[in-house]
$ cat target-v2.txt   # compact mmCIF, C-alpha atoms
# COMPACT_ATOMS: atom_id res chain seq x y z
CA MET A 1422 147.38 -27.49 -88.12
CA ALA A 1423 145.67 -28.75 -91.23
CA GLN A 1424 144.54 -26.51 -94.01
CA PRO A 1425 142.22 -28.45 -96.30
CA SER A 1426 142.02 -25.66 -98.86
CA SER A 1427 145.66 -26.22 -99.75
CA GLU A 1428 144.74 -29.58 -101.27
CA LYS A 1429 143.36 -27.68 -104.27
CA LEU A 1430 146.96 -26.79 -105.14
CA VAL A 1431 149.35 -29.03 -107.08
CA ARG A 1432 152.47 -30.53 -105.40
CA ALA A 1433 155.00 -30.23 -108.24
CA VAL A 1434 158.41 -29.08 -106.86
CA GLY A 1435 161.15 -31.41 -105.54
CA LEU A 1436 164.45 -30.93 -103.66
CA TRP A 1437 166.69 -29.58 -106.42
CA GLY A 1438 163.92 -27.36 -107.65
CA LEU A 1439 163.78 -25.94 -104.11
CA VAL A 1440 167.54 -25.33 -104.05
CA LEU A 1441 167.16 -23.32 -107.27
CA PHE A 1442 164.15 -21.55 -105.73
CA CYS A 1443 166.31 -20.55 -102.75
CA ILE A 1444 169.19 -19.25 -104.89
CA ASN A 1445 166.74 -17.44 -107.14
CA ALA A 1446 164.87 -15.91 -104.19
CA VAL A 1447 168.04 -14.41 -102.70
CA VAL A 1448 170.29 -13.68 -105.69
CA GLY A 1449 168.33 -10.92 -107.35
CA SER A 1450 169.47 -7.33 -107.47
CA GLY A 1451 171.78 -7.73 -104.48
CA VAL A 1452 174.79 -9.15 -106.23
CA PHE A 1453 174.41 -6.87 -109.27
CA LEU A 1454 173.44 -3.53 -107.71
CA LEU A 1455 174.08 -3.46 -103.97
CA PRO A 1456 177.92 -3.73 -104.01
CA SER A 1457 178.05 -0.02 -104.85
CA GLU A 1458 175.53 0.84 -102.12
CA SER A 1459 177.53 -1.06 -99.48
CA TYR A 1460 180.72 0.62 -100.72
CA LYS A 1461 179.13 4.05 -100.28
CA LEU A 1462 178.28 3.13 -96.70
CA LEU A 1463 181.39 1.19 -95.63
CA GLY A 1464 184.10 2.15 -98.12
CA ALA A 1465 186.80 -0.45 -98.80
CA PHE A 1466 185.70 -2.40 -95.72
CA SER A 1467 182.58 -3.38 -97.71
CA LEU A 1468 184.70 -6.22 -99.14
CA TRP A 1469 184.02 -8.10 -95.90
CA ALA A 1470 180.34 -7.17 -95.60
CA PRO A 1471 179.00 -10.25 -97.46
CA LEU A 1472 181.08 -12.55 -95.24
CA ILE A 1473 180.30 -10.77 -91.95
CA PHE A 1474 176.56 -10.67 -92.54
CA ALA A 1475 176.49 -14.27 -93.77
CA VAL A 1476 177.08 -15.43 -90.17
CA PRO A 1477 173.89 -14.01 -88.57
CA VAL A 1478 171.95 -14.86 -91.73
CA PHE A 1479 173.00 -18.50 -91.44
CA VAL A 1480 171.71 -18.58 -87.85
CA LEU A 1481 168.35 -17.29 -89.11
CA VAL A 1482 168.39 -19.86 -91.92
CA LEU A 1483 168.89 -22.66 -89.38
CA CYS A 1484 165.82 -21.41 -87.51
CA PHE A 1485 163.70 -21.36 -90.66
CA ALA A 1486 164.98 -24.78 -91.69
CA GLU A 1487 163.85 -26.24 -88.37
CA ALA A 1488 160.48 -24.46 -88.45
CA ALA A 1489 159.81 -25.65 -92.01
CA SER A 1490 160.36 -29.28 -91.01
CA HIS A 1491 157.12 -29.23 -88.98
CA PHE A 1492 154.67 -28.32 -91.76
CA SER A 1493 153.54 -29.32 -95.23
CA GLU A 1494 150.86 -26.61 -95.61
CA PRO A 1495 151.28 -23.17 -97.23
CA GLY A 1496 151.99 -20.11 -95.09
CA GLY A 1497 155.64 -20.15 -94.02
CA ALA A 1498 156.33 -17.74 -91.15
CA TYR A 1499 152.61 -16.98 -90.82
CA LEU A 1500 151.93 -20.64 -90.08
CA TYR A 1501 154.90 -20.97 -87.72
CA ALA A 1502 153.94 -17.89 -85.67
CA ARG A 1503 150.22 -18.71 -85.66
CA THR A 1504 150.85 -22.23 -84.39
CA ALA A 1505 153.17 -21.03 -81.61
CA PHE A 1506 151.60 -17.74 -80.53
CA GLY A 1507 148.02 -17.67 -81.79
CA ASP A 1508 146.07 -16.24 -84.69
CA PHE A 1509 146.73 -12.51 -84.15
CA VAL A 1510 150.52 -12.79 -83.92
CA GLY A 1511 150.47 -15.18 -86.86
CA PHE A 1512 148.41 -12.78 -88.97
CA GLU A 1513 150.67 -9.82 -88.16
CA THR A 1514 153.73 -11.91 -89.04
CA GLY A 1515 152.18 -13.01 -92.32
CA TRP A 1516 151.03 -9.47 -93.09
CA MET A 1517 154.56 -8.08 -92.61
CA ASN A 1518 155.94 -10.93 -94.70
CA TRP A 1519 153.54 -10.06 -97.50
CA LEU A 1520 154.51 -6.38 -97.28
CA ALA A 1521 158.16 -7.42 -97.56
CA ARG A 1522 157.31 -9.44 -100.67
CA VAL A 1523 155.28 -6.75 -102.38
CA THR A 1524 157.87 -4.01 -101.70
CA SER A 1525 160.64 -6.37 -102.83
CA LEU A 1526 158.82 -6.97 -106.12
CA ALA A 1527 158.42 -3.22 -106.57
CA SER A 1528 162.07 -2.55 -105.68
CA LEU A 1529 163.53 -5.19 -107.99
CA THR A 1530 161.33 -4.00 -110.83
CA ASN A 1531 162.97 -0.60 -110.43
CA GLY A 1532 166.34 -2.36 -110.37
CA PHE A 1533 165.33 -4.11 -113.59
CA VAL A 1534 164.70 -0.71 -115.21
CA ILE A 1535 168.04 0.64 -113.94
CA SER A 1536 169.91 -2.26 -115.53
CA LEU A 1537 167.94 -2.00 -118.75
CA ALA A 1538 168.66 1.73 -118.93
CA ARG A 1539 172.36 0.91 -119.00
CA LEU A 1540 171.79 -0.59 -122.44
CA SER A 1541 169.40 2.16 -123.53
CA PRO A 1542 169.16 5.24 -121.23
CA PRO A 1543 165.75 6.45 -122.53
CA MET A 1544 164.18 3.28 -121.11
CA GLY A 1545 164.86 4.50 -117.58
CA VAL A 1546 162.64 7.59 -117.64
CA GLY A 1547 159.11 8.73 -118.34
CA ALA A 1548 156.55 6.67 -120.22
CA ALA A 1549 159.13 4.05 -121.23
CA ARG A 1550 159.94 3.37 -117.57
CA ALA A 1551 156.26 3.05 -116.67
CA THR A 1552 155.61 0.73 -119.61
CA ILE A 1553 158.50 -1.56 -118.66
CA ILE A 1554 157.39 -1.70 -115.01
CA ILE A 1555 153.78 -2.51 -115.87
CA GLY A 1556 154.64 -4.91 -118.70
CA SER A 1557 157.30 -6.91 -116.82
CA ILE A 1558 155.09 -7.45 -113.78
CA ALA A 1559 152.07 -8.31 -115.93
CA ILE A 1560 154.00 -10.97 -117.85
CA LEU A 1561 155.13 -12.68 -114.65
CA ALA A 1562 151.59 -12.51 -113.26
CA ALA A 1563 150.25 -14.21 -116.39
CA VAL A 1564 152.85 -17.01 -116.19
CA HIS A 1565 152.01 -17.77 -112.55
CA PHE A 1566 148.28 -17.43 -113.17
CA VAL A 1567 148.21 -20.38 -115.58
CA GLY A 1568 149.88 -22.90 -113.25
CA VAL A 1569 152.64 -23.54 -110.72
CA ARG A 1570 154.55 -25.74 -113.18
CA TYR A 1571 154.89 -22.84 -115.61
CA GLY A 1572 155.87 -20.48 -112.79
CA ALA A 1573 158.45 -22.94 -111.46
CA GLY A 1574 159.78 -23.49 -114.99
CA SER A 1575 160.31 -19.75 -115.44
CA ILE A 1576 162.23 -19.64 -112.15
CA TYR A 1577 164.54 -22.49 -113.23
CA VAL A 1578 165.34 -20.76 -116.54
CA PHE A 1579 165.93 -17.37 -114.95
CA THR A 1580 168.13 -18.86 -112.20
CA TRP A 1581 170.53 -20.52 -114.62
CA GLY A 1582 170.41 -17.42 -116.81
CA LYS A 1583 171.65 -15.27 -113.94
CA LEU A 1584 174.23 -17.71 -112.55
CA LEU A 1585 176.19 -18.47 -115.70
CA PRO A 1586 177.27 -14.87 -116.57
CA LEU A 1587 177.87 -14.10 -112.89
CA ILE A 1588 180.14 -17.12 -112.42
CA GLY A 1589 181.90 -16.21 -115.67
CA PHE A 1590 182.51 -12.67 -114.38
CA ILE A 1591 183.92 -13.96 -111.09
CA VAL A 1592 186.33 -16.33 -112.86
CA VAL A 1593 187.60 -13.60 -115.21
CA ALA A 1594 187.90 -11.01 -112.42
CA LEU A 1595 189.88 -13.32 -110.16
CA VAL A 1596 192.16 -14.48 -112.99
CA VAL A 1597 192.91 -10.97 -114.29
CA PHE A 1598 192.75 -9.30 -110.82
CA PRO A 1599 193.97 -5.83 -111.92
CA HIS A 1600 193.74 -4.30 -108.44
CA ASN A 1601 194.15 -5.89 -105.00
CA PRO A 1602 191.47 -4.40 -102.69
CA ILE A 1603 192.35 -6.52 -99.65
CA PRO A 1604 194.98 -4.25 -97.95
CA ALA A 1605 192.71 -1.18 -97.98
CA SER A 1606 189.74 -3.27 -96.79
CA LEU A 1607 191.43 -4.20 -93.51
CA LYS A 1608 190.84 -0.70 -92.07
CA LEU A 1609 187.54 -0.16 -90.24
CA PRO A 1610 185.30 2.71 -91.45
CA GLY A 1611 185.64 5.94 -89.51
CA PRO A 1612 183.23 7.77 -87.18
CA GLY A 1613 179.86 8.64 -88.68
CA THR A 1614 179.50 5.33 -90.53
CA ASP A 1615 175.82 4.42 -90.89
CA TRP A 1616 176.00 0.82 -89.71
CA SER A 1617 172.21 0.59 -89.47
CA ALA A 1618 171.77 1.37 -93.16
CA ALA A 1619 174.59 -1.02 -94.03
CA ALA A 1620 172.98 -3.82 -92.01
CA LEU A 1621 169.60 -3.29 -93.67
CA PHE A 1622 171.08 -3.20 -97.16
CA MET A 1623 173.02 -6.39 -96.59
CA LEU A 1624 169.92 -7.94 -95.04
CA PHE A 1625 168.07 -7.09 -98.24
CA ALA A 1626 170.87 -8.69 -100.27
CA TYR A 1627 170.55 -11.96 -98.31
CA ALA A 1628 166.79 -11.80 -97.82
CA GLY A 1629 164.34 -14.08 -99.56
CA PHE A 1630 165.17 -17.43 -97.97
CA GLU A 1631 162.44 -16.86 -95.37
CA ASN A 1632 159.77 -17.12 -98.06
CA LEU A 1633 160.72 -20.56 -99.32
CA GLY A 1634 158.20 -22.18 -96.98
CA VAL A 1635 155.27 -20.01 -98.08
CA PRO A 1636 154.21 -22.13 -101.12
CA ALA A 1637 154.80 -25.42 -99.21
CA GLY A 1638 151.42 -26.69 -100.39
CA GLU A 1639 152.95 -27.00 -103.87
CA TYR A 1640 156.12 -28.90 -102.85
CA ARG A 1641 156.32 -32.70 -103.07
CA ASN A 1642 157.87 -33.35 -99.65
CA PRO A 1643 158.30 -29.99 -97.88
CA ARG A 1644 159.03 -31.31 -94.38
CA LYS A 1645 162.03 -33.26 -95.65
CA ASP A 1646 163.20 -31.19 -98.62
CA LEU A 1647 162.78 -27.60 -97.36
CA PRO A 1648 165.38 -27.68 -94.54
CA LEU A 1649 168.06 -29.23 -96.76
CA ALA A 1650 167.31 -26.86 -99.65
CA LEU A 1651 167.62 -23.84 -97.34
CA LEU A 1652 171.01 -24.92 -95.99
CA LEU A 1653 172.47 -25.85 -99.38
CA GLY A 1654 171.12 -22.73 -101.04
CA ILE A 1655 172.36 -20.19 -98.50
CA LEU A 1656 175.90 -21.67 -98.42
CA ALA A 1657 176.13 -21.40 -102.22
CA ILE A 1658 174.80 -17.82 -102.09
CA ALA A 1659 177.30 -16.69 -99.43
CA ALA A 1660 180.21 -17.98 -101.54
CA LEU A 1661 178.81 -16.28 -104.62
CA TYR A 1662 178.37 -12.91 -102.88
CA VAL A 1663 181.84 -12.84 -101.36
CA LEU A 1664 183.54 -13.70 -104.63
CA ALA A 1665 181.42 -11.24 -106.62
CA GLN A 1666 182.24 -8.40 -104.22
CA LEU A 1667 185.94 -9.25 -104.43
CA GLY A 1668 185.81 -9.38 -108.23
CA ALA A 1669 183.97 -6.06 -108.51
CA MET A 1670 186.37 -4.27 -106.17
CA ALA A 1671 189.37 -5.77 -107.97
CA ALA A 1672 188.11 -4.34 -111.27
CA LEU A 1673 186.81 -0.99 -109.94
CA PRO A 1674 188.69 0.38 -106.92
CA ASP A 1675 185.91 2.94 -106.21
CA LEU A 1676 182.47 1.34 -106.52
CA SER A 1677 180.73 4.45 -105.21
CA LYS A 1678 180.88 6.00 -108.68
CA THR A 1679 178.63 3.45 -110.39
CA GLN A 1680 174.99 2.36 -110.15
CA THR A 1681 175.69 -0.90 -112.02
CA PRO A 1682 178.90 -2.18 -110.37
CA ILE A 1683 179.12 -5.70 -111.80
CA ALA A 1684 178.34 -4.57 -115.35
CA ASP A 1685 180.86 -1.71 -115.17
CA ALA A 1686 183.46 -4.03 -113.65
CA ALA A 1687 182.92 -6.48 -116.52
CA ALA A 1688 183.36 -3.63 -118.99
CA ALA A 1689 186.64 -2.65 -117.31
CA LEU A 1690 187.88 -6.23 -117.55
CA VAL A 1691 186.84 -7.36 -121.04
CA GLY A 1692 185.21 -4.38 -122.73
CA PRO A 1693 181.63 -3.56 -123.79
CA ALA A 1694 180.77 -7.17 -124.65
CA GLY A 1695 181.39 -8.20 -121.04
CA ALA A 1696 179.15 -5.41 -119.78
CA ILE A 1697 176.34 -6.45 -122.11
CA ILE A 1698 176.56 -10.11 -121.04
CA VAL A 1699 176.54 -9.23 -117.33
CA THR A 1700 173.72 -6.73 -117.80
CA LEU A 1701 171.64 -9.41 -119.51
CA GLY A 1702 172.45 -11.69 -116.58
CA ALA A 1703 171.33 -8.96 -114.17
CA LEU A 1704 168.07 -8.56 -116.07
CA LEU A 1705 167.45 -12.31 -115.93
CA SER A 1706 168.41 -12.29 -112.27
CA MET A 1707 165.90 -9.66 -111.27
CA ALA A 1708 163.21 -11.14 -113.52
CA GLY A 1709 163.79 -14.53 -111.88
CA THR A 1710 163.65 -13.14 -108.36
CA ASN A 1711 160.51 -11.21 -109.26
CA SER A 1712 158.98 -14.41 -110.60
CA GLY A 1713 159.69 -16.10 -107.27
CA THR A 1714 158.28 -13.10 -105.44
CA VAL A 1715 155.03 -13.31 -107.40
CA LEU A 1716 154.80 -16.99 -106.41
CA GLU A 1717 155.67 -16.51 -102.73
CA GLY A 1718 153.89 -13.22 -102.13
CA SER A 1719 150.61 -14.33 -103.68
CA ARG A 1720 150.72 -17.59 -101.69
CA MET A 1721 151.26 -15.67 -98.44
CA PHE A 1722 148.26 -13.48 -99.24
CA TYR A 1723 146.31 -16.64 -100.06
CA ALA A 1724 147.35 -18.31 -96.78
CA LEU A 1725 146.30 -15.26 -94.76
CA SER A 1726 142.81 -15.46 -96.23
CA LEU A 1727 142.17 -19.14 -95.47
CA GLY A 1728 139.32 -19.64 -93.01
CA ARG A 1729 138.45 -15.92 -92.88
CA PRO A 1730 134.94 -15.43 -94.33
CA ARG A 1731 135.47 -11.72 -95.12
CA LEU A 1732 138.60 -12.57 -97.13
CA ARG A 1733 137.03 -15.56 -98.86
CA VAL A 1734 137.45 -13.99 -102.31
CA VAL A 1735 141.26 -13.91 -101.82
CA SER A 1736 141.34 -17.67 -101.13
CA TYR A 1737 139.66 -18.45 -104.47
CA VAL A 1738 141.55 -21.10 -106.46
CA HIS A 1739 141.05 -21.12 -110.23
CA PRO A 1740 139.24 -24.36 -111.16
CA ARG A 1741 141.28 -24.94 -114.31
CA PHE A 1742 144.76 -23.66 -113.44
CA ARG A 1743 144.56 -24.51 -109.71
CA THR A 1744 146.30 -21.30 -108.70
CA PRO A 1745 145.17 -18.59 -106.21
CA SER A 1746 144.25 -16.26 -109.05
CA VAL A 1747 142.69 -13.43 -107.01
CA ALA A 1748 145.66 -13.32 -104.63
CA ILE A 1749 148.02 -13.14 -107.62
CA VAL A 1750 146.12 -10.22 -109.18
CA ILE A 1751 146.00 -8.21 -105.93
CA HIS A 1752 149.68 -8.86 -105.18
CA VAL A 1753 150.95 -7.69 -108.57
CA ALA A 1754 148.57 -4.71 -108.69
CA VAL A 1755 149.86 -3.33 -105.38
CA ALA A 1756 153.49 -3.98 -106.42
CA THR A 1757 152.96 -2.14 -109.72
CA ILE A 1758 151.61 0.96 -107.95
CA LEU A 1759 154.55 0.97 -105.52
CA ALA A 1760 157.09 0.43 -108.30
CA LEU A 1761 155.76 3.35 -110.30
CA GLY A 1762 155.95 5.69 -107.31
CA GLY A 1763 159.17 4.59 -105.58
CA SER A 1764 162.89 4.09 -106.16
CA PHE A 1765 165.02 0.97 -105.88
CA ALA A 1766 166.85 2.02 -102.69
CA GLN A 1767 163.74 3.33 -100.87
CA LEU A 1768 161.70 0.21 -101.58
CA ALA A 1769 164.63 -2.10 -100.79
CA MET A 1770 164.93 -0.48 -97.35
CA LEU A 1771 161.18 -0.80 -96.68
CA SER A 1772 161.28 -4.46 -97.73
CA ALA A 1773 164.15 -5.13 -95.32
CA VAL A 1774 162.31 -3.40 -92.45
CA ALA A 1775 159.06 -5.30 -93.09
CA ARG A 1776 160.69 -8.73 -92.95
CA LEU A 1777 162.22 -8.26 -89.47
CA SER A 1778 159.07 -9.47 -87.68
CA THR A 1779 159.16 -12.58 -89.89
CA TYR A 1780 162.61 -13.40 -88.52
CA LEU A 1781 161.76 -12.56 -84.93
CA PHE A 1782 158.62 -14.64 -84.53
CA THR A 1783 159.93 -17.64 -86.45
CA CYS A 1784 163.03 -17.87 -84.25
CA ALA A 1785 161.00 -17.34 -81.08
CA ALA A 1786 158.44 -19.99 -82.15
CA LEU A 1787 160.90 -22.90 -82.32
CA PRO A 1788 160.68 -24.11 -78.68
CA ARG A 1789 156.89 -24.47 -79.01
CA LEU A 1790 157.04 -25.96 -82.50
CA ARG A 1791 159.32 -28.74 -81.23
CA ARG A 1792 156.38 -30.13 -79.27
CA ILE A 1793 154.40 -30.81 -82.46
CA ASN A 1794 156.37 -33.64 -84.07
CA GLU A 1795 159.81 -34.90 -84.94
CA GLY A 1796 161.72 -33.04 -87.61
CA PHE A 1797 165.01 -31.29 -88.31
CA ARG A 1798 166.60 -30.19 -85.03
CA THR A 1799 169.37 -27.78 -84.10
CA PRO A 1800 171.24 -28.62 -80.85
CA GLY A 1801 169.53 -27.37 -77.70
CA LEU A 1802 168.14 -23.84 -77.63
CA ILE A 1803 171.30 -21.99 -78.68
CA VAL A 1804 170.24 -21.42 -82.31
CA PRO A 1805 166.70 -20.13 -81.60
CA ILE A 1806 168.06 -17.90 -78.82
CA LEU A 1807 170.76 -16.48 -81.10
CA GLY A 1808 168.22 -16.04 -83.91
CA THR A 1809 165.86 -14.14 -81.59
CA ILE A 1810 168.71 -11.92 -80.35
CA ILE A 1811 169.84 -11.19 -83.91
CA SER A 1812 166.28 -10.30 -84.93
CA LEU A 1813 165.84 -7.98 -81.93
CA ALA A 1814 169.23 -6.38 -82.59
CA LEU A 1815 168.15 -5.61 -86.16
CA PHE A 1816 164.98 -3.95 -84.81
CA PHE A 1817 167.03 -1.77 -82.45
CA THR A 1818 169.26 -0.59 -85.32
CA LEU A 1819 166.27 0.98 -87.10
CA ASN A 1820 166.32 4.75 -87.41
CA ARG A 1821 163.25 6.78 -86.45
CA PHE A 1822 161.74 6.78 -89.94
CA ASN A 1823 162.10 3.03 -90.44
CA PHE A 1824 160.80 2.27 -86.95
CA LEU A 1825 157.77 4.49 -87.60
CA ALA A 1826 157.17 2.77 -90.95
CA ALA A 1827 157.23 -0.64 -89.23
CA ALA A 1828 154.83 0.56 -86.50
CA ILE A 1829 152.38 1.95 -89.08
CA ALA A 1830 152.52 -1.29 -91.08
CA LEU A 1831 151.76 -3.34 -87.95
CA GLY A 1832 148.89 -0.99 -87.13
CA VAL A 1833 147.39 -1.42 -90.59
CA GLY A 1834 147.76 -5.19 -90.23
CA ALA A 1835 145.91 -5.11 -86.89
CA LEU A 1836 143.07 -3.13 -88.48
CA ILE A 1837 142.75 -5.60 -91.36
CA TYR A 1838 142.82 -8.48 -88.87
CA ALA A 1839 139.96 -6.91 -86.91
CA ILE A 1840 137.92 -6.48 -90.09
CA ALA A 1841 138.68 -9.96 -91.45
CA GLY A 1842 137.94 -11.76 -88.20
CA ARG A 1843 139.69 -14.75 -86.68
CA ALA A 1844 140.48 -17.77 -88.82
CA GLU A 1845 138.35 -20.85 -88.28
CA GLU A 1846 140.08 -23.34 -85.99
CA ASN A 1847 140.12 -26.07 -88.66
CA ALA A 1848 141.45 -23.75 -91.35
$ encode --input "target-v2.txt" --output "structure tokens"
Amino acid sequence: MAQPSSEKLVRAVGLWGLVLFCINAVVGSGVFLLPSESYKLLGAFSLWAPLIFAVPVFVLVLCFAEAASHFSEPGGAYLYARTAFGDFVGFETGWMNWLARVTSLASLTNGFVISLARLSPPMGVGAARATIIIGSIAILAAVHFVGVRYGAGSIYVFTWGKLLPLIGFIVVALVVFPHNPIPASLKLPGPGTDWSAAALFMLFAYAGFENLGVPAGEYRNPRKDLPLALLLGILAIAALYVLAQLGAMAALPDLSKTQTPIADAAAALVGPAGAIIVTLGALLSMAGTNSGTVLEGSRMFYALSLGRPRLRVVSYVHPRFRTPSVAIVIHVAVATILALGGSFAQLAMLSAVARLSTYLFTCAALPRLRRINEGFRTPGLIVPILGTIISLALFFTLNRFNFLAAAIALGVGALIYAIAGRAEENA
């Protein structure tokens, strides 16, 4: 399904840039902040959480890799669902994907403040907190406003900035290894364990890969490069998460007592200098993921507006910078408001809930997408069936509040769809 408006954008990102995009999109706050949250939920058994949840995530990644091989236009899951199931289902899928992106940006900005407050506690409260939230989002918006090459460049720098101290921490933790958490981790959590919350938190930690296809209009060869980048990226991320969780639990036997587990574990291993280095890595990590979220979220909003006369202003592309400038401004404005009013954990949970429809409709779309053209293929129907089952299972684990939030979000999306009107067939 061609989208001529995407030709206004610049195709500037190749395969290895996409691998870094994938790592950057997923490795944000999760590896630096969520180990303590999973420990609170699962206790010592949380050591195995990154490995256990990597299995269903990899099935979902295979589905997205196959879906991405059919398209070179922007839109990601919105485009996949729209092609397979029609404009309304596609719009709702894209709308939920955008909500996941905007709440993720808000959540990680709060995580950024939490990590910064470890270096200087006054920065985490009051006017200082608000200034940091507004300023950090505004800087990223400005970088992406002036061109995709600058935005991509910021993502490359931030990705390496987060990986180097994290890899260093893992090496030191596994060499020193002051405490062996493995024996205690072999016991399953007792009755009353909130597995639903644990699943959503780990989903948030692995989430982000599904958005790699959204800015496809700015990739050099998306049909060939995107599937390979997704597979390489998620394998590297799974290894990183498992080793980081092991290193943190080896340094701090009880992770429930800290909000900044990796930084505190580094301090326990090598002293204050280690904590400062890891905290700086965490700051770069969240800034990098936020940079990717500005790119992907604004492009999803842009893709939703294409061919819809009442949303024409959102599809405006700046004549000089060739970026969807209006979509960028709206995306970061909404994220700033949410970040100022919410907490890291609340917004992380909402982001995880919002992205479930993205998984469900992409997996279910694969049989129909296979009729379009040749591309990357998984054997038979086993992977799309498993992906659909996993997505449905995640929906059924939602508690009443999260299910209600998802229903309200879908209702708002339907209202906006009715106001915006159907997309033109050639859009």
$ closest_atom_pairs --input "target-v2.txt" --of "range 1465-1490 of chain A" --to "range 1635-1640 of chain A" --cutoff "12 Å" --atoms "all atoms listed in the file" --output "Markdown table"
| residue | atom | partner | partner_atom | distance |
| --- | --- | --- | --- | --- |
| A:Phe1485 | CA | A:Val1635 | CA | 11.3 |
| A:Ala1488 | CA | A:Val1635 | CA | 11.8 |
| A:Ala1489 | CA | A:Ala1637 | CA | 8.8 |
| A:Ser1490 | CA | A:Ala1637 | CA | 10.6 |
$ write_last_selection --input "target-v2.txt" --atoms "C-alpha atoms" --output "PDB file, in the frame of the given file"
ATOM      1  CA  PHE A1485     163.700 -21.360 -90.660  1.00  0.00           C
ATOM      2  CA  ALA A1488     160.480 -24.460 -88.450  1.00  0.00           C
ATOM      3  CA  ALA A1489     159.810 -25.650 -92.010  1.00  0.00           C
ATOM      4  CA  SER A1490     160.360 -29.280 -91.010  1.00  0.00           C
TER       5      SER A1490
END
$ closest_residue --input "target-v2.txt" --among "A:Pro1543, A:Tyr1662, A:His1491, A:Phe1622" --to "Ala1505 in chain A" --atoms "all atoms listed in the file"
A:His1491
$ closest_atom_pairs --input "target-v2.txt" --of "range 1625-1664 of chain A" --to "range 1798-1807 of chain A" --cutoff "12 Å" --atoms "all atoms listed in the file" --output "CSV"
residue,atom,partner,partner_atom,distance
A:Lys1645,CA,A:Arg1798,CA,12.0
A:Pro1648,CA,A:Arg1798,CA,9.9
A:Leu1649,CA,A:Arg1798,CA,11.9
$ atom_distance --input "target-v2.txt" --atom1 "CA of Thr1818 in chain A" --atom2 "CA of Ser1617 in chain A"
5.2 Å
$ atom_distance --input "target-v2.txt" --atom1 "CA of Trp1469 in chain A" --atom2 "CA of Gln1666 in chain A"
8.5 Å
$ residues_near_point --input "target-v2.txt" --point "(142.6, -11.5, -98.8)" --cutoff "10 Å" --atoms "all atoms listed in the file" --output "MDAnalysis selection string"
chainID A and resid 1719 1721:1727 1729:1737 1747:1748 1751:1752 1837 1841
$ build_atoms --input "target-v2.txt" --residues "range 1543-1556 of chain A" --atoms "N, CA and C atoms" --output "PDB file, in the coordinates of the input"
ATOM      1  N   PRO A1543     167.144   5.965-122.496  1.00  0.00           N
ATOM      2  CA  PRO A1543     165.750   6.450-122.530  1.00  0.00           C
ATOM      3  C   PRO A1543     164.757   5.510-121.868  1.00  0.00           C
ATOM      4  N   MET A1544     165.109   4.222-121.731  1.00  0.00           N
ATOM      5  CA  MET A1544     164.180   3.280-121.110  1.00  0.00           C
ATOM      6  C   MET A1544     164.020   3.510-119.615  1.00  0.00           C
ATOM      7  N   GLY A1545     164.891   4.306-119.025  1.00  0.00           N
ATOM      8  CA  GLY A1545     164.860   4.500-117.580  1.00  0.00           C
ATOM      9  C   GLY A1545     164.041   5.689-117.120  1.00  0.00           C
ATOM     10  N   VAL A1546     163.382   6.386-118.032  1.00  0.00           N
ATOM     11  CA  VAL A1546     162.640   7.590-117.640  1.00  0.00           C
ATOM     12  C   VAL A1546     161.277   7.629-118.328  1.00  0.00           C
ATOM     13  N   GLY A1547     160.375   8.398-117.711  1.00  0.00           N
ATOM     14  CA  GLY A1547     159.110   8.730-118.340  1.00  0.00           C
ATOM     15  C   GLY A1547     158.204   7.557-118.652  1.00  0.00           C
ATOM     16  N   ALA A1548     157.537   7.679-119.808  1.00  0.00           N
ATOM     17  CA  ALA A1548     156.550   6.670-120.220  1.00  0.00           C
ATOM     18  C   ALA A1548     157.201   5.315-120.465  1.00  0.00           C
ATOM     19  N   ALA A1549     158.444   5.315-120.969  1.00  0.00           N
ATOM     20  CA  ALA A1549     159.130   4.050-121.230  1.00  0.00           C
ATOM     21  C   ALA A1549     159.343   3.286-119.922  1.00  0.00           C
ATOM     22  N   ARG A1550     159.750   4.005-118.882  1.00  0.00           N
ATOM     23  CA  ARG A1550     159.940   3.370-117.570  1.00  0.00           C
ATOM     24  C   ARG A1550     158.632   2.772-117.070  1.00  0.00           C
ATOM     25  N   ALA A1551     157.554   3.539-117.142  1.00  0.00           N
ATOM     26  CA  ALA A1551     156.260   3.050-116.670  1.00  0.00           C
ATOM     27  C   ALA A1551     155.801   1.832-117.460  1.00  0.00           C
ATOM     28  N   THR A1552     156.017   1.858-118.769  1.00  0.00           N
ATOM     29  CA  THR A1552     155.610   0.730-119.610  1.00  0.00           C
ATOM     30  C   THR A1552     156.368  -0.534-119.255  1.00  0.00           C
ATOM     31  N   ILE A1553     157.679  -0.393-119.010  1.00  0.00           N
ATOM     32  CA  ILE A1553     158.500  -1.560-118.660  1.00  0.00           C
ATOM     33  C   ILE A1553     158.064  -2.122-117.306  1.00  0.00           C
ATOM     34  N   ILE A1554     157.822  -1.248-116.339  1.00  0.00           N
ATOM     35  CA  ILE A1554     157.390  -1.700-115.010  1.00  0.00           C
ATOM     36  C   ILE A1554     156.083  -2.466-115.107  1.00  0.00           C
ATOM     37  N   ILE A1555     155.098  -1.870-115.764  1.00  0.00           N
ATOM     38  CA  ILE A1555     153.780  -2.510-115.870  1.00  0.00           C
ATOM     39  C   ILE A1555     153.863  -3.798-116.676  1.00  0.00           C
ATOM     40  N   GLY A1556     154.565  -3.743-117.815  1.00  0.00           N
ATOM     41  CA  GLY A1556     154.640  -4.910-118.700  1.00  0.00           C
ATOM     42  C   GLY A1556     155.377  -6.084-118.073  1.00  0.00           C
TER      43      GLY A1556
END
